[in-house]
Amino acid sequence: MKTIGNMLKNISPFNNREEMPTLVYIAKKLLAFFLMYWVAAVAGEAVIIGTLSAMGYDPLHGVMPEGNFAELLSYYGFAIFLLIAVLYCRLIEKRDFISLGFTKRVADYLLGGGIAAVLLAAIMGVCCVTGSLSWGGVNNNCDAVYLIGLGIGLVIQSAAEEVLSRGFLQLSLQRKTSVPVAILISSTAFAMPHFSTLFEAETRYAIVGVINLYLVSAIFSLLVLCRANLWIACGLHGIWNFILYGIMGLTLSGNESTVKGLLKFEAKSGNILNGGVYGLEAGIVTTIVLGIAAAVLTYMYRRSAHKPIVATDDSVK
């Protein structure tokens with residue numbers, strides 16, 4: 001009974017104990033991850049309901065705003081996830097921003113955005129050449145104000161996911177596990193919220209989509225390790241989403257774009273190259289490009305002189 005009691009105390013996400021077996025430590029961090037996720041989801045839903053009610057809507061009875069505002073509200077709601085994650089790490093684990101990966105090299109955000117642009121250019125270029133994606137010119141009727149609002153919302157959403165998956169989970173796990181294990185577990189936690197839409201697609205797209213989720217998550221993780229900060233992963237994640245969804249007007253993670261991007265691209269009849277109804281993120285072309293990028297980054301990480309960020313005692317205040 002005493003052993004069970006000690007294990008329950010150790011696994012509790014409401015303390016910062018770390019002297020415990022590795023498997024218990026992993027379970028503790030995963031429990032904290034999902035606790036933060038679901039608390040933030042409930043709190044975010046409550047904030048959205050309260051906001052809409054104050055504006056005269058009745059979301060509890062299906063009376064909701066339509067159009068761009070409703071979509072933007074869902075992205076801005078991720079600010080709650082970001083806040084909950086930062087507060088948990090600060091108040092419970094006594095970690096500062098540096099231990100989460102937010103170093104002074106903020107410019108790495110732009111570097112991550114540049115990498116996103118290169119990767120998507122390669123993917124879309126191959127898809128256009130193979131005829132699975134068509135280019136229709138420049139859109140002169142796009143809503144610039146909405147695109148700015150969308151860009152800000154995607155920055156918030158991607159930052160929240162990166163803080164939870166990599167800033168908290170991966171960098172915490174690296175204290176007790178190897179880097180590959182930390183990446184695998186954090187990538188699984190990152191991928192899980194995307195499964196609900198992915199598994200609605202055909203089996204072949206779902207399989208490729210899962211592979212791509214793990215590949216892109218590995219790329220995020222490797223960039224964090226190579227550059228020793230989280231900014232670069234936030235930049236790659238946020239700009240990737242904005243280019244794919246806002247600029248190109250294509251499907252993002254199974255959510256069909258409702259906006260007219262700055263450029264006109266259209267996926268032709270669904271096939272394994274363009275990912276079908278799920279979008280490019282479930283296409284085999286994306287698998288190849290991400291696979292090459294992951295291999296290059298793995299090589300760079302092994303040769304990197306950067307000291308990896310780990311939530312050590314020296315970085316906890």
# chains A, B, ... in the order shown; residues from 1 in each chain; ligands from 1
$ residues_around --residues "Ala182 of chain A" --least-positions-apart "3" --cutoff "9 Å" --atoms "only C-alpha atoms" --output "list in words"
Leu169, Gln170, Leu171, Ser172, Leu173, Gln174, Lys176, Thr177, Ser178, Val179, Ile185, Ser186 and Ser187 of chain A
$ closest_residue --among "A:Leu244, A:Leu230, A:Met300, A:Val277" --to "Phe199 of chain A" --atoms "only C-alpha atoms"
A:Val277
$ residues_around --residues "segment 202-206 of chain A" --least-positions-apart "2" --cutoff "10 Å" --atoms "only C-alpha atoms" --output "count of residues only"
25
$ closest_residue --among "A:Phe14, A:Gly249, A:Leu262, A:Gly238" --to "Leu111 of chain A" --atoms "only C-alpha atoms"
A:Gly238
$ atom_distance --atom1 "atom CA of Thr103 of chain A" --atom2 "atom CA of Asn229 of chain A"
5.9 Å
